[in-house]
$ cat final.cif   # mmCIF, C-alpha atoms and all ligand atoms
data_start
#
loop_
_atom_site.label_atom_id
_atom_site.label_comp_id
_atom_site.auth_asym_id
_atom_site.auth_seq_id
_atom_site.Cartn_x
_atom_site.Cartn_y
_atom_site.Cartn_z
CA MET A 984 118.33 73.92 -75.31
CA LYS A 985 115.35 75.38 -73.45
CA ILE A 986 116.30 76.36 -69.90
CA SER A 987 113.43 76.42 -67.43
CA LYS A 988 112.59 79.81 -65.90
CA TYR A 989 111.89 78.37 -62.44
CA PRO A 990 114.51 76.21 -60.67
CA LEU A 991 111.97 74.92 -58.15
CA GLN A 992 109.32 73.07 -60.08
CA GLY A 993 107.99 69.61 -60.99
CA TRP A 994 109.50 66.69 -59.08
CA ASN A 995 112.03 69.06 -57.46
CA ILE A 996 109.17 70.32 -55.27
CA VAL A 997 108.48 66.76 -54.08
CA GLY A 998 112.20 66.03 -53.56
CA TRP A 999 112.76 69.18 -51.50
CA THR A 1000 109.63 68.46 -49.44
CA VAL A 1001 110.97 64.99 -48.55
CA LEU A 1002 114.38 66.42 -47.63
CA ILE A 1003 113.13 69.37 -45.57
CA ILE A 1004 110.47 67.44 -43.60
CA ALA A 1005 112.81 64.45 -43.01
CA PHE A 1006 115.46 66.88 -41.76
CA ILE A 1007 113.03 68.62 -39.36
CA PHE A 1008 111.65 65.25 -38.22
CA LEU A 1009 115.18 64.07 -37.44
CA GLY A 1010 115.86 67.35 -35.62
CA ILE A 1011 112.80 66.83 -33.40
CA VAL A 1012 113.88 63.27 -32.55
CA ILE A 1013 117.50 64.32 -31.83
CA PHE A 1014 116.39 67.30 -29.72
CA HIS A 1015 113.52 65.66 -27.77
CA GLY A 1016 114.37 61.95 -28.06
CA ILE A 1017 111.94 59.23 -29.14
CA ASN A 1018 108.99 59.76 -26.81
CA GLU A 1019 105.34 60.81 -26.76
CA GLN A 1020 106.16 64.52 -26.78
CA SER A 1021 108.41 64.34 -29.85
CA MET A 1022 105.84 62.26 -31.78
CA ARG A 1023 103.09 64.78 -30.94
CA ILE A 1024 105.31 67.67 -32.06
CA ALA A 1025 106.01 65.83 -35.33
CA ILE A 1026 102.28 65.09 -35.85
CA ARG A 1027 101.36 68.76 -35.36
CA LEU A 1028 104.20 70.03 -37.53
CA THR A 1029 103.47 67.68 -40.43
CA ALA A 1030 99.74 68.49 -40.24
CA ARG A 1031 100.69 72.16 -40.74
CA THR A 1032 103.15 71.57 -43.62
CA SER A 1033 100.52 69.34 -45.27
CA CYS A 1034 97.89 72.05 -44.87
CA LEU A 1035 100.10 74.72 -46.50
CA LEU A 1036 100.93 72.45 -49.45
CA PHE A 1037 97.28 71.40 -49.74
CA VAL A 1038 96.07 75.03 -49.85
CA CYS A 1039 98.65 75.88 -52.56
CA ALA A 1040 97.29 73.07 -54.76
CA PHE A 1041 93.66 73.83 -53.81
CA ILE A 1042 93.74 77.52 -54.78
CA ALA A 1043 96.10 77.27 -57.79
CA SER A 1044 93.31 77.32 -60.39
CA PRO A 1045 91.12 80.08 -58.88
CA LEU A 1046 94.18 82.29 -58.28
CA ARG A 1047 95.24 81.85 -61.92
CA TYR A 1048 91.67 82.64 -63.00
CA PHE A 1049 91.57 85.96 -61.12
CA TRP A 1050 95.21 87.06 -61.28
CA SER A 1051 97.53 86.28 -64.14
CA ASN A 1052 101.15 86.68 -63.05
CA ASN A 1053 104.31 84.57 -62.71
CA LEU A 1054 103.42 83.29 -59.24
CA THR A 1055 99.92 82.11 -60.19
CA LYS A 1056 101.35 80.61 -63.40
CA TRP A 1057 103.90 78.69 -61.31
CA LEU A 1058 101.25 77.51 -58.83
CA ARG A 1059 98.89 76.34 -61.59
CA GLY A 1060 101.68 74.64 -63.53
CA ASN A 1061 102.94 72.77 -60.44
CA ARG A 1062 99.57 71.95 -58.90
CA ARG A 1063 100.04 68.20 -59.37
CA TYR A 1064 103.50 68.20 -57.70
CA LEU A 1065 102.24 70.33 -54.80
CA GLY A 1066 99.53 67.69 -54.32
CA VAL A 1067 102.10 64.88 -54.31
CA ALA A 1068 104.28 66.92 -51.91
CA MET A 1069 101.26 67.22 -49.60
CA ALA A 1070 100.90 63.41 -49.72
CA VAL A 1071 104.59 63.04 -48.81
CA SER A 1072 104.17 65.45 -45.89
CA HIS A 1073 101.16 63.47 -44.71
CA GLY A 1074 103.22 60.29 -45.04
CA PHE A 1075 105.40 61.77 -42.28
CA HIS A 1076 102.19 62.55 -40.30
CA ALA A 1077 101.42 58.80 -40.56
CA ILE A 1078 104.96 57.80 -39.48
CA ALA A 1079 104.65 60.01 -36.37
CA ILE A 1080 101.16 58.57 -35.63
CA ILE A 1081 102.56 55.02 -35.87
CA GLY A 1082 105.43 56.09 -33.58
CA LEU A 1083 102.93 57.48 -31.08
CA ALA A 1084 100.77 54.34 -31.26
CA ILE A 1085 103.84 52.22 -30.45
CA LEU A 1086 104.77 54.44 -27.48
CA ILE A 1087 101.34 54.91 -25.87
CA THR A 1088 97.99 53.11 -25.67
CA ASP A 1089 95.38 55.52 -26.97
CA PRO A 1090 92.18 53.97 -28.41
CA SER A 1091 91.40 57.23 -30.28
CA LEU A 1092 94.39 56.48 -32.53
CA SER A 1093 92.86 53.31 -33.94
CA ASN A 1094 89.31 54.74 -33.99
CA ASN A 1095 90.05 57.79 -36.13
CA HIS A 1096 87.76 56.71 -39.00
CA GLY A 1097 87.52 60.20 -40.50
CA GLY A 1098 91.32 60.46 -40.60
CA ASN A 1099 91.67 56.98 -42.07
CA LEU A 1100 89.23 57.84 -44.87
CA GLY A 1101 91.36 60.95 -45.51
CA TYR A 1102 94.38 58.70 -45.99
CA LEU A 1103 92.44 56.49 -48.42
CA PHE A 1104 91.69 59.59 -50.50
CA ILE A 1105 95.32 60.74 -50.35
CA ILE A 1106 96.57 57.30 -51.50
CA ALA A 1107 93.98 57.05 -54.31
CA MET A 1108 94.60 60.64 -55.49
CA THR A 1109 98.38 60.25 -55.44
CA ALA A 1110 98.23 56.90 -57.24
CA THR A 1111 96.15 58.49 -60.00
CA SER A 1112 98.31 61.61 -60.32
CA PHE A 1113 100.28 60.08 -63.18
CA GLN A 1114 99.20 60.10 -66.82
CA SER A 1115 99.16 56.30 -67.16
CA THR A 1116 97.15 55.63 -63.97
CA ALA A 1117 94.82 58.57 -64.62
CA ALA A 1118 94.09 57.14 -68.08
CA LEU A 1119 93.25 53.76 -66.51
CA LEU A 1120 90.65 55.44 -64.28
CA GLY A 1121 89.09 57.48 -67.08
CA HIS A 1122 88.54 61.24 -67.15
CA ARG A 1123 85.09 61.26 -65.51
CA ASN A 1124 86.07 58.96 -62.60
CA TRP A 1125 89.35 60.83 -62.14
CA LYS A 1126 87.47 64.14 -61.87
CA ILE A 1127 84.98 62.69 -59.34
CA LEU A 1128 87.75 61.15 -57.19
CA HIS A 1129 89.91 64.28 -57.16
CA THR A 1130 87.02 66.69 -56.57
CA VAL A 1131 85.42 64.67 -53.74
CA GLY A 1132 88.86 63.91 -52.23
CA MET A 1133 89.94 67.54 -52.32
CA TYR A 1134 86.82 68.79 -50.55
CA TYR A 1135 86.98 65.93 -48.03
CA LEU A 1136 90.57 66.86 -47.17
CA TRP A 1137 89.56 70.51 -46.84
CA LEU A 1138 86.91 69.38 -44.32
CA ALA A 1139 89.40 67.18 -42.44
CA PHE A 1140 91.85 70.09 -42.10
CA ILE A 1141 89.32 72.71 -41.02
CA TYR A 1142 87.70 70.25 -38.57
CA SER A 1143 91.04 69.40 -36.93
CA PHE A 1144 92.35 72.97 -36.80
CA SER A 1145 89.04 74.35 -35.46
CA HIS A 1146 89.51 72.09 -32.43
CA GLY A 1147 92.74 73.92 -31.67
CA LEU A 1148 91.08 77.38 -31.56
CA GLU A 1149 90.25 76.95 -27.87
CA LYS A 1150 93.91 76.17 -27.12
CA SER A 1151 95.56 78.98 -29.09
CA LEU A 1152 94.00 81.59 -31.35
CA VAL A 1153 97.46 82.79 -32.45
CA ILE A 1154 98.42 79.38 -33.85
CA TYR A 1155 95.12 78.03 -35.12
CA LEU A 1156 93.25 81.11 -36.38
CA PRO A 1157 95.68 81.70 -39.30
CA PHE A 1158 95.16 78.08 -40.49
CA VAL A 1159 91.37 78.23 -40.12
CA SER A 1160 91.29 81.63 -41.89
CA LEU A 1161 93.54 80.38 -44.70
CA LEU A 1162 91.24 77.40 -45.28
CA ALA A 1163 88.15 79.67 -45.18
CA ILE A 1164 89.66 82.05 -47.76
CA ALA A 1165 90.64 79.06 -49.90
CA ILE A 1166 87.10 77.67 -50.05
CA LEU A 1167 85.75 81.17 -50.75
CA LEU A 1168 88.11 81.55 -53.69
CA ARG A 1169 87.12 78.16 -55.09
CA SER A 1170 83.40 78.99 -54.76
CA ILE A 1171 83.68 82.40 -56.42
CA VAL A 1172 85.07 81.00 -59.70
CA PRO A 1173 81.96 79.00 -60.75
CA LEU A 1174 79.74 81.89 -59.60
CA SER A 1175 81.68 84.48 -61.59
CA LYS A 1176 81.68 82.16 -64.65
CA PHE A 1177 77.92 81.77 -64.28
CA PHE A 1178 77.32 85.54 -64.03
CA ALA A 1179 79.74 86.30 -66.88
CA PHE A 1180 77.85 83.76 -69.03
CA THR A 1181 74.44 85.22 -68.06
CA PHE A 1182 75.51 88.82 -68.73
CA ILE A 1183 77.10 87.96 -72.10
CA ARG A 1184 73.94 86.09 -73.12
CA LYS A 1185 71.70 88.97 -72.02
CA ASP A 1186 73.95 91.43 -73.84
CA LYS A 1187 73.84 89.36 -77.04
CA LEU A 1188 70.05 88.96 -76.82
CA SER A 1189 69.51 92.71 -76.25
CA LYS A 1190 71.79 93.51 -79.24
CA LYS A 1191 69.82 91.03 -81.41
CA GLY A 1192 66.51 92.43 -80.15
C1 LIG B 1201 93.84 63.01 -44.12
C2 LIG B 1201 93.78 62.70 -42.86
C3 LIG B 1201 94.23 63.60 -41.76
C4 LIG B 1201 94.32 64.96 -41.71
C5 LIG B 1201 93.98 65.97 -42.79
C6 LIG B 1201 94.84 65.30 -40.40
C7 LIG B 1201 95.08 66.58 -39.96
C8 LIG B 1201 95.45 66.91 -38.69
C9 LIG B 1201 95.52 68.25 -38.17
C10 LIG B 1201 95.20 69.50 -38.97
C11 LIG B 1201 95.91 68.18 -36.88
C12 LIG B 1201 96.11 69.34 -35.92
C13 LIG B 1201 97.56 69.75 -35.88
C14 LIG B 1201 97.83 70.86 -34.92
O1 LIG B 1201 97.39 70.77 -33.75
O2 LIG B 1201 98.47 71.82 -35.34
C15 LIG B 1201 96.11 66.78 -36.57
C16 LIG B 1201 96.51 66.31 -35.36
C17 LIG B 1201 96.52 65.00 -35.02
N1 LIG B 1201 96.30 63.93 -35.85
FE1 LIG B 1201 95.86 64.02 -37.83
N2 LIG B 1201 95.06 64.14 -39.70
C18 LIG B 1201 94.68 63.08 -40.48
C19 LIG B 1201 94.72 61.75 -40.15
C20 LIG B 1201 95.01 61.28 -38.91
C21 LIG B 1201 94.88 59.88 -38.49
C22 LIG B 1201 94.39 58.75 -39.36
C23 LIG B 1201 95.27 59.84 -37.19
C24 LIG B 1201 95.35 58.66 -36.23
C25 LIG B 1201 95.07 57.43 -36.53
C26 LIG B 1201 95.65 61.17 -36.78
C27 LIG B 1201 96.13 61.52 -35.55
C28 LIG B 1201 96.36 62.79 -35.10
C29 LIG B 1201 96.71 63.14 -33.73
C30 LIG B 1201 96.91 62.16 -32.56
C31 LIG B 1201 96.80 64.52 -33.67
C32 LIG B 1201 97.08 65.39 -32.43
C33 LIG B 1201 98.54 65.51 -32.06
C34 LIG B 1201 98.68 66.32 -30.78
O3 LIG B 1201 98.24 67.48 -30.77
O4 LIG B 1201 99.21 65.78 -29.84
N3 LIG B 1201 95.49 62.02 -37.86
N4 LIG B 1201 95.81 66.03 -37.69
#
$ encode --input "final.cif" --output "structure tokens"
Amino acid sequence: MKISKYPLQGWNIVGWTVLIIAFIFLGIVIFHGINEQSMRIAIRLTARTSCLLFVCAFIASPLRYFWSNNLTKWLRGNRRYLGVAMAVSHGFHAIAIIGLAILITDPSLSNNHGGNLGYLFIIAMTATSFQSTAALLGHRNWKILHTVGMYYLWLAFIYSFSHGLEKSLVIYLPFVSLLAIAILLRSIVPLSKFFAFTFIRKDKLSKKG
């Protein structure tokens, strides 16, 4: 029998994410009660857990491309589950938003069109994260949906966290920097592939010539 090298992988990642975030969510409610403050704490916390999980999935491929070790192998192999775990975490973000909407009247909650579009992407991407549903969509459409969705979510995160920079550099700068490094890493891969291809071609041509 083949025993897996990593105990935390596949659906275990999703299961642990549900457990840990539900536990923290419950802790916030027990500690602060069900009120505006506790819902806002839960919204901020789940936005941050979602961002960390999102970045792990977002940079898995470029990290594996540049550095081949056990960690990058694990990240690349579990990219899909990290994405689903991010969706779960953002499900809790939605629960806290609904809680807040019930407790207070804030028109900005129902007018957050950018955020709502983000949720549509998350739902569509999660629904097509399984072999059967991905096959229904077709490879080309799947690639378009997941690429556009991923970059849209990156934008949604950096936009929201940048707004916090004025409030606290200590809290928000690490998130903004992490997202900036992540997009840099993803942009370098196609560039380095392009240059590697150009140099190899030039080298071959000069050898032929
Ligand atoms: C994919 C979609 C979304 C993403 C990526 C996202 C991300 C974020 C982020 C990064 C923050 C800042 C957290 C912090 O201050 O540390 C935040 C806060 C917040 N989000 Fe979302 N969000 C999304 C959708 C929504 C939607 C649809 C709503 C409401 C209808 C919403 C309501 C809020 C509120 C009210 C806060 C501020 C909480 C507070 O500081 O009191 N979000 N979100």
$ residues_near_ligand --input "final.cif" --ligand "ligand LIG 1201 (chain B)" --cutoff "9 Å" --atoms "only C-alpha atoms and all ligand atoms" --output "PDB file with C-alpha atoms, in the frame of the given file"
ATOM      1  CA  GLU A1019     105.340  60.810 -26.760  1.00  0.00           C
ATOM      2  CA  GLN A1020     106.160  64.520 -26.780  1.00  0.00           C
ATOM      3  CA  MET A1022     105.840  62.260 -31.780  1.00  0.00           C
ATOM      4  CA  ARG A1023     103.090  64.780 -30.940  1.00  0.00           C
ATOM      5  CA  ILE A1024     105.310  67.670 -32.060  1.00  0.00           C
ATOM      6  CA  ALA A1025     106.010  65.830 -35.330  1.00  0.00           C
ATOM      7  CA  ILE A1026     102.280  65.090 -35.850  1.00  0.00           C
ATOM      8  CA  ARG A1027     101.360  68.760 -35.360  1.00  0.00           C
ATOM      9  CA  LEU A1028     104.200  70.030 -37.530  1.00  0.00           C
ATOM     10  CA  THR A1029     103.470  67.680 -40.430  1.00  0.00           C
ATOM     11  CA  ALA A1030      99.740  68.490 -40.240  1.00  0.00           C
ATOM     12  CA  ARG A1031     100.690  72.160 -40.740  1.00  0.00           C
ATOM     13  CA  SER A1033     100.520  69.340 -45.270  1.00  0.00           C
ATOM     14  CA  CYS A1034      97.890  72.050 -44.870  1.00  0.00           C
ATOM     15  CA  HIS A1073     101.160  63.470 -44.710  1.00  0.00           C
ATOM     16  CA  HIS A1076     102.190  62.550 -40.300  1.00  0.00           C
ATOM     17  CA  ALA A1077     101.420  58.800 -40.560  1.00  0.00           C
ATOM     18  CA  ALA A1079     104.650  60.010 -36.370  1.00  0.00           C
ATOM     19  CA  ILE A1080     101.160  58.570 -35.630  1.00  0.00           C
ATOM     20  CA  ILE A1081     102.560  55.020 -35.870  1.00  0.00           C
ATOM     21  CA  LEU A1083     102.930  57.480 -31.080  1.00  0.00           C
ATOM     22  CA  ALA A1084     100.770  54.340 -31.260  1.00  0.00           C
ATOM     23  CA  ASP A1089      95.380  55.520 -26.970  1.00  0.00           C
ATOM     24  CA  SER A1091      91.400  57.230 -30.280  1.00  0.00           C
ATOM     25  CA  LEU A1092      94.390  56.480 -32.530  1.00  0.00           C
ATOM     26  CA  SER A1093      92.860  53.310 -33.940  1.00  0.00           C
ATOM     27  CA  ASN A1094      89.310  54.740 -33.990  1.00  0.00           C
ATOM     28  CA  ASN A1095      90.050  57.790 -36.130  1.00  0.00           C
ATOM     29  CA  HIS A1096      87.760  56.710 -39.000  1.00  0.00           C
ATOM     30  CA  GLY A1097      87.520  60.200 -40.500  1.00  0.00           C
ATOM     31  CA  GLY A1098      91.320  60.460 -40.600  1.00  0.00           C
ATOM     32  CA  ASN A1099      91.670  56.980 -42.070  1.00  0.00           C
ATOM     33  CA  LEU A1100      89.230  57.840 -44.870  1.00  0.00           C
ATOM     34  CA  GLY A1101      91.360  60.950 -45.510  1.00  0.00           C
ATOM     35  CA  TYR A1102      94.380  58.700 -45.990  1.00  0.00           C
ATOM     36  CA  LEU A1103      92.440  56.490 -48.420  1.00  0.00           C
ATOM     37  CA  PHE A1104      91.690  59.590 -50.500  1.00  0.00           C
ATOM     38  CA  ILE A1105      95.320  60.740 -50.350  1.00  0.00           C
ATOM     39  CA  TYR A1135      86.980  65.930 -48.030  1.00  0.00           C
ATOM     40  CA  LEU A1136      90.570  66.860 -47.170  1.00  0.00           C
ATOM     41  CA  TRP A1137      89.560  70.510 -46.840  1.00  0.00           C
ATOM     42  CA  LEU A1138      86.910  69.380 -44.320  1.00  0.00           C
ATOM     43  CA  ALA A1139      89.400  67.180 -42.440  1.00  0.00           C
ATOM     44  CA  PHE A1140      91.850  70.090 -42.100  1.00  0.00           C
ATOM     45  CA  ILE A1141      89.320  72.710 -41.020  1.00  0.00           C
ATOM     46  CA  TYR A1142      87.700  70.250 -38.570  1.00  0.00           C
ATOM     47  CA  SER A1143      91.040  69.400 -36.930  1.00  0.00           C
ATOM     48  CA  PHE A1144      92.350  72.970 -36.800  1.00  0.00           C
ATOM     49  CA  SER A1145      89.040  74.350 -35.460  1.00  0.00           C
ATOM     50  CA  HIS A1146      89.510  72.090 -32.430  1.00  0.00           C
ATOM     51  CA  GLY A1147      92.740  73.920 -31.670  1.00  0.00           C
ATOM     52  CA  ILE A1154      98.420  79.380 -33.850  1.00  0.00           C
ATOM     53  CA  TYR A1155      95.120  78.030 -35.120  1.00  0.00           C
ATOM     54  CA  PHE A1158      95.160  78.080 -40.490  1.00  0.00           C
TER      55      PHE A1158
END
$ atom_distance --input "final.cif" --atom1 "CA of Tyr1064 in chain A" --atom2 "CA of Leu1009 in chain A"
23.7 Å
$ atom_distance --input "final.cif" --atom1 "CA of Ile1004 in chain A" --atom2 "CA of Pro1157 in chain A"
21.0 Å
$ axis_aligned_box --input "final.cif" --around "range 1003-1015 of chain A" --padding-each-side "6 Å" --output "AutoDock Vina command-line options"
--center_x 114.0 --center_y 66.3 --center_z -36.7 --size_x 19.0 --size_y 18.1 --size_z 29.8
$ closest_residue --input "final.cif" --among "A:Ser1189, A:Ser1151, A:Thr1111, A:Ser1175" --to "Phe1049 in chain A" --atoms "all atoms listed in the file"
A:Ser1175
$ atom_distance --input "final.cif" --atom1 "CA of His1015 in chain A" --atom2 "CA of Val1153 in chain A"
23.9 Å
$ closest_residue --input "final.cif" --among "A:Ile1078, A:Ala1165, A:Met1133, A:Leu1156" --to "Phe1008 in chain A" --atoms "only C-alpha atoms"
A:Ile1078
$ residues_around --input "final.cif" --residues "Pro1173 in chain A" --least-positions-apart "6" --cutoff "12 Å" --atoms "all atoms listed in the file" --output "JSON, numbers by chain"
{"A": [1044, 1045, 1048, 1049, 1166, 1167, 1179, 1180]}
$ closest_residue --input "final.cif" --among "A:Ala1107, A:Leu1120, A:Val1071, A:Val1038" --to "Leu1058 in chain A" --atoms "only C-alpha atoms"
A:Val1038
$ build_atoms --input "final.cif" --residues "range 1133-1150 of chain A" --atoms "N, CA and C atoms" --output "CSV table (one decimal), in the frame of the given file"
chain,number,residue,atom,x,y,z
A,1133,MET,N,89.4,66.2,-52.7
A,1133,MET,CA,89.9,67.5,-52.3
A,1133,MET,C,89.0,68.2,-51.3
A,1134,TYR,N,87.7,68.1,-51.5
A,1134,TYR,CA,86.8,68.8,-50.6
A,1134,TYR,C,86.8,68.0,-49.2
A,1135,TYR,N,86.9,66.7,-49.3
A,1135,TYR,CA,87.0,65.9,-48.0
A,1135,TYR,C,88.2,66.3,-47.2
A,1136,LEU,N,89.3,66.5,-47.9
A,1136,LEU,CA,90.6,66.9,-47.2
A,1136,LEU,C,90.4,68.3,-46.6
A,1137,TRP,N,89.8,69.2,-47.4
A,1137,TRP,CA,89.6,70.5,-46.8
A,1137,TRP,C,88.8,70.4,-45.5
A,1138,LEU,N,87.7,69.6,-45.5
A,1138,LEU,CA,86.9,69.4,-44.3
A,1138,LEU,C,87.7,68.8,-43.2
A,1139,ALA,N,88.6,67.8,-43.5
A,1139,ALA,CA,89.4,67.2,-42.4
A,1139,ALA,C,90.3,68.2,-41.8
A,1140,PHE,N,90.9,69.1,-42.6
A,1140,PHE,CA,91.8,70.1,-42.1
A,1140,PHE,C,91.1,71.1,-41.2
A,1141,ILE,N,90.0,71.6,-41.8
A,1141,ILE,CA,89.3,72.7,-41.0
A,1141,ILE,C,88.7,72.1,-39.7
A,1142,TYR,N,88.3,70.9,-39.8
A,1142,TYR,CA,87.7,70.2,-38.6
A,1142,TYR,C,88.8,70.1,-37.5
A,1143,SER,N,90.0,69.6,-37.9
A,1143,SER,CA,91.0,69.4,-36.9
A,1143,SER,C,91.6,70.7,-36.4
A,1144,PHE,N,91.8,71.7,-37.3
A,1144,PHE,CA,92.4,73.0,-36.8
A,1144,PHE,C,91.3,73.7,-35.9
A,1145,SER,N,90.0,73.6,-36.3
A,1145,SER,CA,89.0,74.4,-35.5
A,1145,SER,C,89.1,73.9,-34.0
A,1146,HIS,N,89.4,72.6,-33.8
A,1146,HIS,CA,89.5,72.1,-32.4
A,1146,HIS,C,90.6,72.8,-31.6
A,1147,GLY,N,91.6,73.3,-32.4
A,1147,GLY,CA,92.7,73.9,-31.7
A,1147,GLY,C,92.5,75.4,-31.3
A,1148,LEU,N,91.4,76.0,-31.8
A,1148,LEU,CA,91.1,77.4,-31.6
A,1148,LEU,C,91.0,77.7,-30.1
A,1149,GLU,N,90.4,76.7,-29.3
A,1149,GLU,CA,90.2,77.0,-27.9
A,1149,GLU,C,91.6,77.0,-27.2
A,1150,LYS,N,92.6,76.2,-27.7
A,1150,LYS,CA,93.9,76.2,-27.1
A,1150,LYS,C,94.7,77.4,-27.4
